[in-house]
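Data block for work31.cif (mmCIF, C-alpha atoms):
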data_start
#
loop_
_atom_site.group_PDB
_atom_site.id
_atom_site.type_symbol
_atom_site.label_atom_id
_atom_site.label_comp_id
_atom_site.auth_asym_id
_atom_site.auth_seq_id
_atom_site.Cartn_x
_atom_site.Cartn_y
_atom_site.Cartn_z
ATOM 1 C CA MET A 244 117.910 89.565 125.458
ATOM 2 C CA ASN A 245 115.002 89.465 122.990
ATOM 3 C CA ASP A 246 112.536 88.313 125.652
ATOM 4 C CA GLN A 247 113.900 90.837 128.127
ATOM 5 C CA ILE A 248 113.328 93.844 125.840
ATOM 6 C CA LYS A 249 109.872 92.535 124.897
ATOM 7 C CA ASP A 250 108.980 92.438 128.573
ATOM 8 C CA LEU A 251 110.281 95.988 129.006
ATOM 9 C CA ILE A 252 108.249 97.196 126.010
ATOM 10 C CA LYS A 253 105.041 95.647 127.287
ATOM 11 C CA SER A 254 105.642 96.961 130.769
ATOM 12 C CA LEU A 255 106.191 100.447 129.347
ATOM 13 C CA ALA A 256 102.904 100.245 127.402
ATOM 14 C CA SER A 257 101.022 99.134 130.511
ATOM 15 C CA ASP A 258 102.546 101.912 132.624
ATOM 16 C CA LEU A 259 101.417 104.468 130.027
ATOM 17 C CA GLY A 260 97.828 103.256 130.132
ATOM 18 C CA TYR A 261 97.580 100.865 127.179
ATOM 19 C CA ALA A 262 95.179 98.016 127.860
ATOM 20 C CA ALA A 263 97.313 95.566 125.880
ATOM 21 C CA CYS A 264 100.514 95.467 123.854
ATOM 22 C CA GLY A 265 101.769 93.021 121.241
ATOM 23 C CA ILE A 266 104.548 92.641 118.698
ATOM 24 C CA THR A 267 104.554 91.537 115.088
ATOM 25 C CA SER A 268 107.004 91.474 112.212
ATOM 26 C CA ALA A 269 107.521 94.179 109.597
ATOM 27 C CA ASP A 270 106.590 91.770 106.796
ATOM 28 C CA PRO A 271 104.155 93.080 104.147
ATOM 29 C CA PHE A 272 100.468 92.906 105.055
ATOM 30 C CA GLU A 273 99.366 90.805 102.118
ATOM 31 C CA ASP A 274 95.885 90.103 103.518
ATOM 32 C CA TYR A 275 95.346 93.847 103.869
ATOM 33 C CA THR A 276 96.204 94.558 100.215
ATOM 34 C CA ALA A 277 94.061 91.609 99.136
ATOM 35 C CA ALA A 278 91.120 93.125 101.052
ATOM 36 C CA LEU A 279 91.667 96.486 99.350
ATOM 37 C CA ASP A 280 91.784 94.789 95.947
ATOM 38 C CA ASP A 281 88.565 92.939 96.736
ATOM 39 C CA ARG A 282 86.742 96.162 97.699
ATOM 40 C CA ILE A 283 87.876 97.890 94.515
ATOM 41 C CA LYS A 284 86.931 94.924 92.346
ATOM 42 C CA ARG A 285 83.469 94.717 93.874
ATOM 43 C CA PHE A 286 82.891 98.475 94.087
ATOM 44 C CA PRO A 287 85.018 100.204 91.415
ATOM 45 C CA GLU A 288 83.739 103.624 92.478
ATOM 46 C CA THR A 289 85.684 103.240 95.749
ATOM 47 C CA ALA A 290 89.083 102.841 94.052
ATOM 48 C CA THR A 291 90.352 106.304 94.985
ATOM 49 C CA LEU A 292 89.451 105.784 98.653
ATOM 50 C CA TYR A 293 91.155 102.428 98.992
ATOM 51 C CA ASP A 294 94.183 102.982 96.759
ATOM 52 C CA GLN A 295 95.406 105.770 99.030
ATOM 53 C CA MET A 296 95.616 103.263 101.897
ATOM 54 C CA ARG A 297 97.770 100.739 100.047
ATOM 55 C CA HIS A 298 101.163 102.180 101.028
ATOM 56 C CA ARG A 299 100.608 101.208 104.673
ATOM 57 C CA ALA A 300 100.935 97.516 103.794
ATOM 58 C CA TYR A 301 104.676 97.741 103.122
ATOM 59 C CA PRO A 302 106.453 99.169 106.179
ATOM 60 C CA GLN A 303 109.976 98.582 104.889
ATOM 61 C CA LYS A 304 109.420 100.421 101.606
ATOM 62 C CA LYS A 305 109.347 103.771 103.394
ATOM 63 C CA ALA A 306 111.665 102.786 106.239
ATOM 64 C CA PRO A 307 114.045 99.964 105.209
ATOM 65 C CA TRP A 308 115.485 99.863 108.736
ATOM 66 C CA VAL A 309 112.203 98.672 110.309
ATOM 67 C CA ARG A 310 112.312 95.126 111.659
ATOM 68 C CA SER A 311 109.319 94.871 114.018
ATOM 69 C CA ILE A 312 106.009 96.566 114.790
ATOM 70 C CA ILE A 313 104.823 97.224 118.326
ATOM 71 C CA VAL A 314 101.063 97.557 118.751
ATOM 72 C CA GLY A 315 99.150 99.132 121.623
ATOM 73 C CA VAL A 316 95.435 98.864 122.413
ATOM 74 C CA ARG A 317 93.913 101.956 123.981
ATOM 75 C CA ARG A 318 90.578 101.379 125.680
ATOM 76 C CA TYR A 319 88.204 104.316 125.393
ATOM 77 C CA GLY A 320 85.137 102.384 126.562
ATOM 78 C CA LYS A 321 85.968 103.428 130.119
ATOM 79 C CA TYR A 322 84.731 107.008 130.009
ATOM 80 C CA ASP A 323 81.606 108.390 131.616
ATOM 81 C CA LEU A 324 80.498 110.293 128.531
ATOM 82 C CA PRO A 325 77.814 112.998 128.806
ATOM 83 C CA GLU A 326 74.432 111.771 127.565
ATOM 84 C CA GLU A 327 73.695 114.749 125.294
ATOM 85 C CA PRO A 328 75.867 113.787 122.314
ATOM 86 C CA ILE A 329 75.486 109.992 122.516
ATOM 87 C CA GLY A 330 73.598 108.920 119.415
ATOM 88 C CA LEU A 331 74.628 112.132 117.641
ATOM 89 C CA ILE A 332 78.429 111.905 117.769
ATOM 90 C CA GLY A 333 80.390 108.654 117.636
ATOM 91 C CA ARG A 334 81.845 107.665 120.998
ATOM 92 C CA SER A 335 85.340 107.241 119.592
ATOM 93 C CA TYR A 336 85.301 110.909 118.588
ATOM 94 C CA LEU A 337 83.932 111.999 121.949
ATOM 95 C CA ALA A 338 86.844 110.215 123.640
ATOM 96 C CA ASP A 339 89.388 111.158 120.951
ATOM 97 C CA ARG A 340 92.824 111.242 122.568
ATOM 98 C CA ARG A 341 94.074 113.625 119.874
ATOM 99 C CA TYR A 342 92.384 116.461 121.762
ATOM 100 C CA ALA A 343 94.864 117.879 124.272
ATOM 101 C CA GLY A 344 92.281 117.909 127.062
ATOM 102 C CA CYS A 345 91.860 114.125 126.969
ATOM 103 C CA PRO A 346 93.985 112.370 129.616
ATOM 104 C CA ASP A 347 95.215 109.898 126.966
ATOM 105 C CA HIS A 348 96.453 112.662 124.674
ATOM 106 C CA GLY A 349 100.198 112.110 125.017
ATOM 107 C CA MET A 350 100.270 108.305 125.153
ATOM 108 C CA PRO A 351 101.754 107.574 121.673
ATOM 109 C CA LYS A 352 104.431 110.240 122.040
ATOM 110 C CA ARG A 353 105.367 109.048 125.519
ATOM 111 C CA MET A 354 105.525 105.477 124.200
ATOM 112 C CA LYS A 355 107.903 106.583 121.451
ATOM 113 C CA GLU A 356 110.084 108.409 123.968
ATOM 114 C CA GLY A 357 110.165 105.319 126.184
ATOM 115 C CA LEU A 358 111.134 103.085 123.265
ATOM 116 C CA ILE A 359 113.958 105.455 122.326
ATOM 117 C CA LYS A 360 115.244 105.249 125.903
ATOM 118 C CA LEU A 361 115.342 101.479 125.442
ATOM 119 C CA GLY A 362 117.756 102.076 122.568
ATOM 120 C CA LEU A 363 115.320 101.622 119.692
ATOM 121 C CA ARG A 364 114.894 103.642 116.539
ATOM 122 C CA VAL A 365 111.193 104.450 116.289
ATOM 123 C CA LYS A 366 108.582 105.625 113.800
ATOM 124 C CA ILE A 367 104.992 106.205 114.936
ATOM 125 C CA GLY A 368 102.166 104.760 112.837
ATOM 126 C CA GLY A 369 102.425 104.240 109.101
ATOM 127 C CA VAL A 370 100.978 100.705 109.097
ATOM 128 C CA PRO A 371 97.466 99.183 108.942
ATOM 129 C CA CYS A 372 97.028 99.253 112.715
ATOM 130 C CA ARG A 373 94.089 96.861 112.998
ATOM 131 C CA ALA A 374 95.791 94.294 110.782
ATOM 132 C CA ALA A 375 98.975 94.685 112.822
ATOM 133 C CA ALA A 376 97.025 94.181 116.051
ATOM 134 C CA ALA A 377 95.465 90.975 114.701
ATOM 135 C CA ARG A 378 98.875 89.719 113.609
ATOM 136 C CA ALA A 379 100.197 90.536 117.087
ATOM 137 C CA GLY A 380 97.425 88.460 118.666
ATOM 138 C CA LEU A 381 95.602 91.367 120.305
ATOM 139 C CA VAL A 382 92.318 91.488 118.352
ATOM 140 C CA ARG A 383 90.113 89.591 115.955
ATOM 141 C CA PHE A 384 87.829 91.049 113.308
ATOM 142 C CA GLY A 385 84.077 91.179 113.736
ATOM 143 C CA ARG A 386 81.585 90.926 110.892
ATOM 144 C CA ASN A 387 81.290 94.711 110.906
ATOM 145 C CA SER A 388 85.039 94.927 110.112
ATOM 146 C CA PHE A 389 85.818 96.417 113.527
ATOM 147 C CA ALA A 390 88.700 95.030 115.571
ATOM 148 C CA TYR A 391 87.532 93.344 118.787
ATOM 149 C CA SER A 392 89.412 92.835 122.013
ATOM 150 C CA GLU A 393 88.123 89.872 123.994
ATOM 151 C CA GLN A 394 88.092 92.005 127.142
ATOM 152 C CA TYR A 395 86.890 95.360 125.814
ATOM 153 C CA GLY A 396 84.896 94.679 122.664
ATOM 154 C CA SER A 397 85.297 97.144 119.810
ATOM 155 C CA TRP A 398 85.460 100.203 122.087
ATOM 156 C CA ILE A 399 89.195 100.487 121.463
ATOM 157 C CA ASN A 400 91.731 102.414 119.410
ATOM 158 C CA ILE A 401 94.872 100.786 118.059
ATOM 159 C CA GLU A 402 98.248 102.489 117.721
ATOM 160 C CA ALA A 403 101.552 101.249 116.341
ATOM 161 C CA TRP A 404 105.266 101.993 116.438
ATOM 162 C CA GLN A 405 107.788 100.691 113.921
ATOM 163 C CA VAL A 406 111.184 99.827 115.431
ATOM 164 C CA ASP A 407 114.588 98.652 114.226
ATOM 165 C CA ALA A 408 114.907 95.653 116.578
ATOM 166 C CA GLU A 409 114.271 92.099 115.403
ATOM 167 C CA LEU A 410 111.781 91.046 118.075
ATOM 168 C CA THR A 411 110.078 87.665 118.325
ATOM 169 C CA PRO A 412 106.504 88.161 117.057
ATOM 170 C CA ASP A 413 103.533 87.280 119.214
ATOM 171 C CA LYS A 414 101.111 84.632 117.999
ATOM 172 C CA LEU A 415 98.561 85.580 115.330
ATOM 173 C CA ALA A 416 94.913 85.870 116.390
ATOM 174 C CA ILE A 417 92.848 83.461 114.299
ATOM 175 C CA GLY A 418 89.172 83.438 113.372
ATOM 176 C CA SER A 419 86.330 85.802 114.197
ATOM 177 C CA PRO A 420 84.816 86.338 117.645
ATOM 178 C CA CYS A 421 81.308 86.709 116.213
ATOM 179 C CA PRO A 422 78.620 84.179 117.238
ATOM 180 C CA GLU A 423 77.692 81.768 114.478
ATOM 181 C CA GLY A 424 75.040 83.251 112.209
ATOM 182 C CA CYS A 425 74.906 86.639 113.967
ATOM 183 C CA ASP A 426 73.828 89.382 111.584
ATOM 184 C CA ALA A 427 72.955 92.145 114.069
ATOM 185 C CA CYS A 428 75.490 94.655 112.772
ATOM 186 C CA ARG A 429 74.445 94.339 109.135
ATOM 187 C CA LYS A 430 70.764 94.683 110.001
ATOM 188 C CA ALA A 431 71.524 97.818 112.047
ATOM 189 C CA CYS A 432 73.522 99.580 109.316
ATOM 190 C CA PRO A 433 71.117 102.209 107.918
ATOM 191 C CA THR A 434 73.010 102.814 104.649
ATOM 192 C CA LEU A 435 73.890 99.165 103.972
ATOM 193 C CA ALA A 436 77.596 100.028 104.184
ATOM 194 C CA LEU A 437 78.039 96.532 105.642
ATOM 195 C CA GLU A 438 77.409 94.983 102.274
ATOM 196 C CA SER A 439 78.239 91.466 103.479
ATOM 197 C CA PRO A 440 79.979 89.930 106.514
ATOM 198 C CA PHE A 441 83.469 91.433 106.967
ATOM 199 C CA THR A 442 82.904 93.785 104.033
ATOM 200 C CA MET A 443 82.313 97.459 104.748
ATOM 201 C CA ARG A 444 81.963 99.979 101.924
ATOM 202 C CA MET A 445 83.637 103.150 103.125
ATOM 203 C CA ASP A 446 81.746 105.273 100.607
ATOM 204 C CA ARG A 447 78.434 104.331 102.270
ATOM 205 C CA CYS A 448 79.581 104.426 105.893
ATOM 206 C CA ILE A 449 77.749 107.133 107.858
ATOM 207 C CA ALA A 450 80.934 108.209 109.640
ATOM 208 C CA TYR A 451 82.594 108.949 106.294
ATOM 209 C CA LEU A 452 79.444 110.609 104.984
ATOM 210 C CA THR A 453 79.206 112.968 107.976
ATOM 211 C CA TYR A 454 82.646 114.512 107.707
ATOM 212 C CA GLU A 455 84.668 113.487 104.658
ATOM 213 C CA ALA A 456 82.565 112.434 101.684
ATOM 214 C CA PRO A 457 82.356 114.926 98.815
ATOM 215 C CA GLU A 458 79.163 116.920 98.849
ATOM 216 C CA PRO A 459 76.360 116.839 97.945
ATOM 217 C CA ILE A 460 75.586 113.472 99.541
ATOM 218 C CA ALA A 461 73.349 111.290 97.393
ATOM 219 C CA THR A 462 69.718 111.717 98.450
ATOM 220 C CA ASP A 463 69.167 108.000 99.042
ATOM 221 C CA LEU A 464 72.048 107.975 101.535
ATOM 222 C CA LEU A 465 71.227 111.321 103.117
ATOM 223 C CA GLU A 466 67.754 110.140 104.060
ATOM 224 C CA LYS A 467 69.194 107.105 105.868
ATOM 225 C CA MET A 468 71.786 108.906 108.007
ATOM 226 C CA GLY A 469 69.285 109.631 110.754
ATOM 227 C CA CYS A 470 70.490 111.455 113.849
ATOM 228 C CA TRP A 471 74.210 110.986 113.289
ATOM 229 C CA ILE A 472 75.986 114.344 113.057
ATOM 230 C CA TYR A 473 79.613 113.228 113.326
ATOM 231 C CA GLY A 474 80.552 109.570 113.124
ATOM 232 C CA CYS A 475 78.276 106.584 113.776
ATOM 233 C CA ASP A 476 78.045 103.758 116.328
ATOM 234 C CA ALA A 477 75.040 101.889 114.917
ATOM 235 C CA CYS A 478 76.750 98.553 114.270
ATOM 236 C CA GLN A 479 78.743 98.668 117.518
ATOM 237 C CA ASN A 480 75.724 99.540 119.649
ATOM 238 C CA VAL A 481 73.833 96.383 118.676
ATOM 239 C CA CYS A 482 76.805 94.003 118.721
ATOM 240 C CA PRO A 483 76.453 91.172 121.291
ATOM 241 C CA LEU A 484 80.237 91.225 121.732
ATOM 242 C CA ASN A 485 79.977 94.764 123.111
ATOM 243 C CA GLN A 486 77.357 93.908 125.719
ATOM 244 C CA ASP A 487 78.546 95.108 129.155
ATOM 245 C CA LYS A 488 81.954 96.090 127.740
ATOM 246 C CA TRP A 489 81.507 99.825 128.331
ATOM 247 C CA GLU A 490 82.226 100.880 131.902
ATOM 248 C CA ARG A 491 81.736 104.438 133.107
ATOM 249 C CA ILE A 492 84.904 104.495 135.165
ATOM 250 C CA GLU A 493 86.605 107.797 134.322
ATOM 251 C CA LYS A 494 85.122 111.286 134.130
ATOM 252 C CA THR A 495 85.313 113.504 131.022
ATOM 253 C CA PRO A 496 85.716 117.113 132.193
ATOM 254 C CA TRP A 497 86.847 118.211 128.725
ATOM 255 C CA LEU A 498 83.403 117.194 127.432
ATOM 256 C CA ASP A 499 81.297 118.061 130.464
ATOM 257 C CA GLU A 500 82.357 121.705 130.161
ATOM 258 C CA ILE A 501 80.956 121.934 126.608
ATOM 259 C CA LYS A 502 78.029 119.508 126.693
ATOM 260 C CA GLN A 503 75.525 122.335 126.244
ATOM 261 C CA HIS A 504 77.051 122.847 122.786
ATOM 262 C CA LEU A 505 76.706 119.161 121.832
ATOM 263 C CA THR A 506 72.949 118.937 121.319
ATOM 264 C CA ALA A 507 71.459 118.776 117.838
ATOM 265 C CA ARG A 508 69.776 122.159 118.350
ATOM 266 C CA ALA A 509 72.960 123.861 119.555
ATOM 267 C CA LEU A 510 75.031 122.440 116.706
ATOM 268 C CA ALA A 511 72.412 123.402 114.127
ATOM 269 C CA GLU A 512 72.457 127.001 115.373
ATOM 270 C CA MET A 513 76.158 127.246 116.245
ATOM 271 C CA ASP A 514 77.967 130.462 115.276
ATOM 272 C CA LEU A 515 81.443 130.614 113.755
ATOM 273 C CA GLU A 516 83.152 131.736 116.972
ATOM 274 C CA THR A 517 81.747 128.780 118.934
ATOM 275 C CA TYR A 518 82.694 126.430 116.140
ATOM 276 C CA LEU A 519 86.305 127.586 116.002
ATOM 277 C CA LYS A 520 86.818 127.844 119.777
ATOM 278 C CA VAL A 521 84.779 124.914 121.070
ATOM 279 C CA ILE A 522 83.907 122.365 118.396
ATOM 280 C CA ARG A 523 86.718 122.407 115.870
ATOM 281 C CA PRO A 524 89.554 121.643 118.353
ATOM 282 C CA ARG A 525 87.752 118.494 119.515
ATOM 283 C CA PHE A 526 86.133 117.294 116.292
ATOM 284 C CA TRP A 527 88.497 118.266 113.552
ATOM 285 C CA TYR A 528 87.895 116.073 110.495
ATOM 286 C CA ILE A 529 85.479 118.616 109.025
ATOM 287 C CA SER A 530 87.564 121.471 107.639
ATOM 288 C CA ASP A 531 87.921 124.873 109.311
ATOM 289 C CA ASP A 532 85.679 126.644 106.838
ATOM 290 C CA ASP A 533 82.922 124.020 106.675
ATOM 291 C CA LEU A 534 80.590 125.192 109.420
ATOM 292 C CA ALA A 535 77.836 124.725 106.853
ATOM 293 C CA ARG A 536 78.395 120.968 106.940
ATOM 294 C CA TRP A 537 77.928 120.870 110.707
ATOM 295 C CA HIS A 538 74.755 122.944 110.339
ATOM 296 C CA ALA A 539 73.399 120.638 107.639
ATOM 297 C CA ASN A 540 74.213 117.464 109.589
ATOM 298 C CA ALA A 541 72.635 118.846 112.752
ATOM 299 C CA ALA A 542 69.542 120.099 110.916
ATOM 300 C CA ARG A 543 69.050 116.618 109.465
ATOM 301 C CA ALA A 544 69.492 115.145 112.965
ATOM 302 C CA LEU A 545 66.801 117.487 114.304
ATOM 303 C CA ARG A 546 64.386 116.320 111.619
ATOM 304 C CA SER A 547 65.168 112.702 112.451
ATOM 305 C CA LEU A 548 64.764 113.315 116.181
ATOM 306 C CA SER A 549 61.270 114.579 115.546
ATOM 307 C CA THR A 550 60.319 111.235 114.010
ATOM 308 C CA GLY A 551 62.463 109.034 116.265
ATOM 309 C CA CYS A 552 66.054 108.001 115.552
ATOM 310 C CA ALA A 553 67.185 104.480 114.955
ATOM 311 C CA ASP A 554 69.941 103.473 117.399
#
Represent the structure contained in this file as structure tokens.
Amino acid sequence: MNDQIKDLIKSLASDLGYAACGITSADPFEDYTAALDDRIKRFPETATLYDQMRHRAYPQKKAPWVRSIIVGVRRYGKYDLPEEPIGLIGRSYLADRRYAGCPDHGMPKRMKEGLIKLGLRVKIGGVPCRAAAARAGLVRFGRNSFAYSEQYGSWINIEAWQVDAELTPDKLAIGSPCPEGCDACRKACPTLALESPFTMRMDRCIAYLTYEAPEPIATDLLEKMGCWIYGCDACQNVCPLNQDKWERIEKTPWLDEIKQHLTARALAEMDLETYLKVIRPRFWYISDDDLARWHANAARALRSLSTGCAD
């Protein structure tokens, strides 16, 4: 019966468009909390950032009925993205399924509905998804701390569902996929957020600095952010494991219709109406009233473009 429902779950995930699906237990994620503790010990100024993530490591504390975690890998490295925003906006955000116009928008909800039809009690998310995916045998961690699928590289998103069934866990993924001695990602990180292999400082990551970090951004970091307006792909772009993993298979009409607004010049000069109608619904981490942050990021990108951006 256990194997039968596992097969049904994985078939459901595949039918909904997930590139892979795995199952792990609801046991605490001790390695995850140990990693948080290590970051805080090494960089005490990051304590607030990492402490708020700690609750995800204990699924059964919030939902004592949870017995297993189902993990799905969504591949976004299949989209034929418009050229204009590449290098300015992170690709994950360009292909963000949380925007209703993206074809993948309803996948997690439809997965939950399918699991309920199989007789399971379900809770979406609430766990460290990348750690869950590794424990379910779907990914391994690269030196840049991204989760890597053997087939699709790091151009993936990971989603999870907690369920009340005691399912046999899939086999843990062991080791790193990175070539011995490879240091490409660390060398490409402009702000040195990749402080050492497998150690990323969130407070120096360009993605965090573009949309979430308290302002003003420290001058030494601001000068290194280059052309990135929203997110950053620097370490993923240079990674040998990502070579030939992106395939321009599917069109992106929800982006093509607004690509004229996704240049550095257009974003630097964007008015409030355009921001609220066009940009905010698709790129929503920056708050509703923070058009000034978009303007500042885009103005910096324009300056960097004039001198040549690092990839």
_Taking 5 positions as the minimum chain separation for residues in the same chain, which residues sit within 12 Å of Trp398 of chain A when counting only C-alpha atoms? Answer as a ChimeraX atom specification._
/A:262,316-322,333-339,382,389-393,476,478-480,482,484-490
*What separation in Å, quoted to one decimal, exists between atom CA of Gly357 of chain A and atom CA of Asn245 of chain A?*
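Pair atom CA of Gly357 of chain A / atom CA of Asn245 of chain A returns 16.9 Å.
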Can you report as lines of an AutoDock Vina configuration file the centre and edge lengths in Å, to one decimal, of an axis-aligned box around the listed atoms of segment 528-539 of chain A padded with 4 Å on each side?
center_x = 80.7
center_y = 121.4
center_z = 108.7
size_x = 22.5
size_y = 18.6
size_z = 12.0
*When distances are computed from all atoms listed in the file, which of A:Asp533, A:Asp246, A:Asp294, A:Glu356 shows the smallest separation from Asp281 of chain A?*
A:Asp294
_Picked residues, the PyMOL selection byres ((chain A and resi 528) around 8), expected as a list in words_ =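 Selection result, ordered by chain and number: Tyr454, Glu455, Phe526, Trp527, Ile529 and Ser530 of chain A.
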Could you give me, as a Markdown table, a per-residue list for segment 303-378 of chain A showing, wherever an atom lies at most 12 Å from an atom of segment 400-421 of chain A, the closest pair of atoms and their distance in Å to one decimal, using only C-alpha atoms and sorting by chain then residue number from low to high?
| residue | atom | partner | partner_atom | distance |
| --- | --- | --- | --- | --- |
| A:Gln303 | CA | A:Gln405 | CA | 9.5 |
| A:Lys305 | CA | A:Gln405 | CA | 11.1 |
| A:Ala306 | CA | A:Gln405 | CA | 8.9 |
| A:Pro307 | CA | A:Asp407 | CA | 9.1 |
| A:Trp308 | CA | A:Asp407 | CA | 5.7 |
| A:Val309 | CA | A:Asp407 | CA | 4.6 |
| A:Arg310 | CA | A:Asp407 | CA | 4.9 |
| A:Ser311 | CA | A:Val406 | CA | 5.5 |
| A:Ile312 | CA | A:Gln405 | CA | 4.6 |
| A:Ile313 | CA | A:Trp404 | CA | 5.1 |
| A:Val314 | CA | A:Ala403 | CA | 4.4 |
| A:Gly315 | CA | A:Glu402 | CA | 5.2 |
| A:Val316 | CA | A:Ile401 | CA | 4.8 |
| A:Arg317 | CA | A:Asn400 | CA | 5.1 |
| A:Arg318 | CA | A:Asn400 | CA | 6.5 |
| A:Tyr319 | CA | A:Asn400 | CA | 7.2 |
| A:Gly320 | CA | A:Asn400 | CA | 9.7 |
| A:Arg334 | CA | A:Asn400 | CA | 11.3 |
| A:Ser335 | CA | A:Asn400 | CA | 8.0 |
| A:Tyr336 | CA | A:Asn400 | CA | 10.7 |
| A:Ala338 | CA | A:Asn400 | CA | 10.1 |
| A:Asp339 | CA | A:Asn400 | CA | 9.2 |
| A:Arg340 | CA | A:Asn400 | CA | 9.4 |
| A:Arg341 | CA | A:Asn400 | CA | 11.5 |
| A:Asp347 | CA | A:Asn400 | CA | 11.2 |
| A:Met350 | CA | A:Glu402 | CA | 9.7 |
| A:Pro351 | CA | A:Glu402 | CA | 7.3 |
| A:Lys352 | CA | A:Trp404 | CA | 10.0 |
| A:Arg353 | CA | A:Trp404 | CA | 11.5 |
| A:Met354 | CA | A:Trp404 | CA | 8.5 |
| A:Lys355 | CA | A:Trp404 | CA | 7.3 |
| A:Glu356 | CA | A:Trp404 | CA | 11.0 |
| A:Gly357 | CA | A:Trp404 | CA | 11.4 |
| A:Leu358 | CA | A:Val406 | CA | 8.5 |
| A:Ile359 | CA | A:Val406 | CA | 9.3 |
| A:Leu361 | CA | A:Ala408 | CA | 10.6 |
| A:Gly362 | CA | A:Ala408 | CA | 9.2 |
| A:Leu363 | CA | A:Val406 | CA | 6.2 |
| A:Arg364 | CA | A:Val406 | CA | 5.4 |
| A:Val365 | CA | A:Val406 | CA | 4.7 |
| A:Lys366 | CA | A:Gln405 | CA | 5.0 |
| A:Ile367 | CA | A:Trp404 | CA | 4.5 |
| A:Gly368 | CA | A:Ala403 | CA | 5.0 |
| A:Gly369 | CA | A:Ala403 | CA | 7.9 |
| A:Val370 | CA | A:Ala403 | CA | 7.3 |
| A:Pro371 | CA | A:Ala403 | CA | 8.7 |
| A:Cys372 | CA | A:Ile401 | CA | 6.0 |
| A:Arg373 | CA | A:Ile401 | CA | 6.5 |
| A:Ala374 | CA | A:Ile401 | CA | 9.8 |
| A:Ala375 | CA | A:Ala403 | CA | 7.9 |
| A:Ala376 | CA | A:Ile401 | CA | 7.2 |
| A:Ala377 | CA | A:Ala416 | CA | 5.4 |
| A:Arg378 | CA | A:Leu415 | CA | 4.5 |
_Best match for closeness to Glu466 of chain A among A:Ala450, A:Met443, A:Ala544, A:Ala436, counting all atoms listed in the file_ = A:Ala544
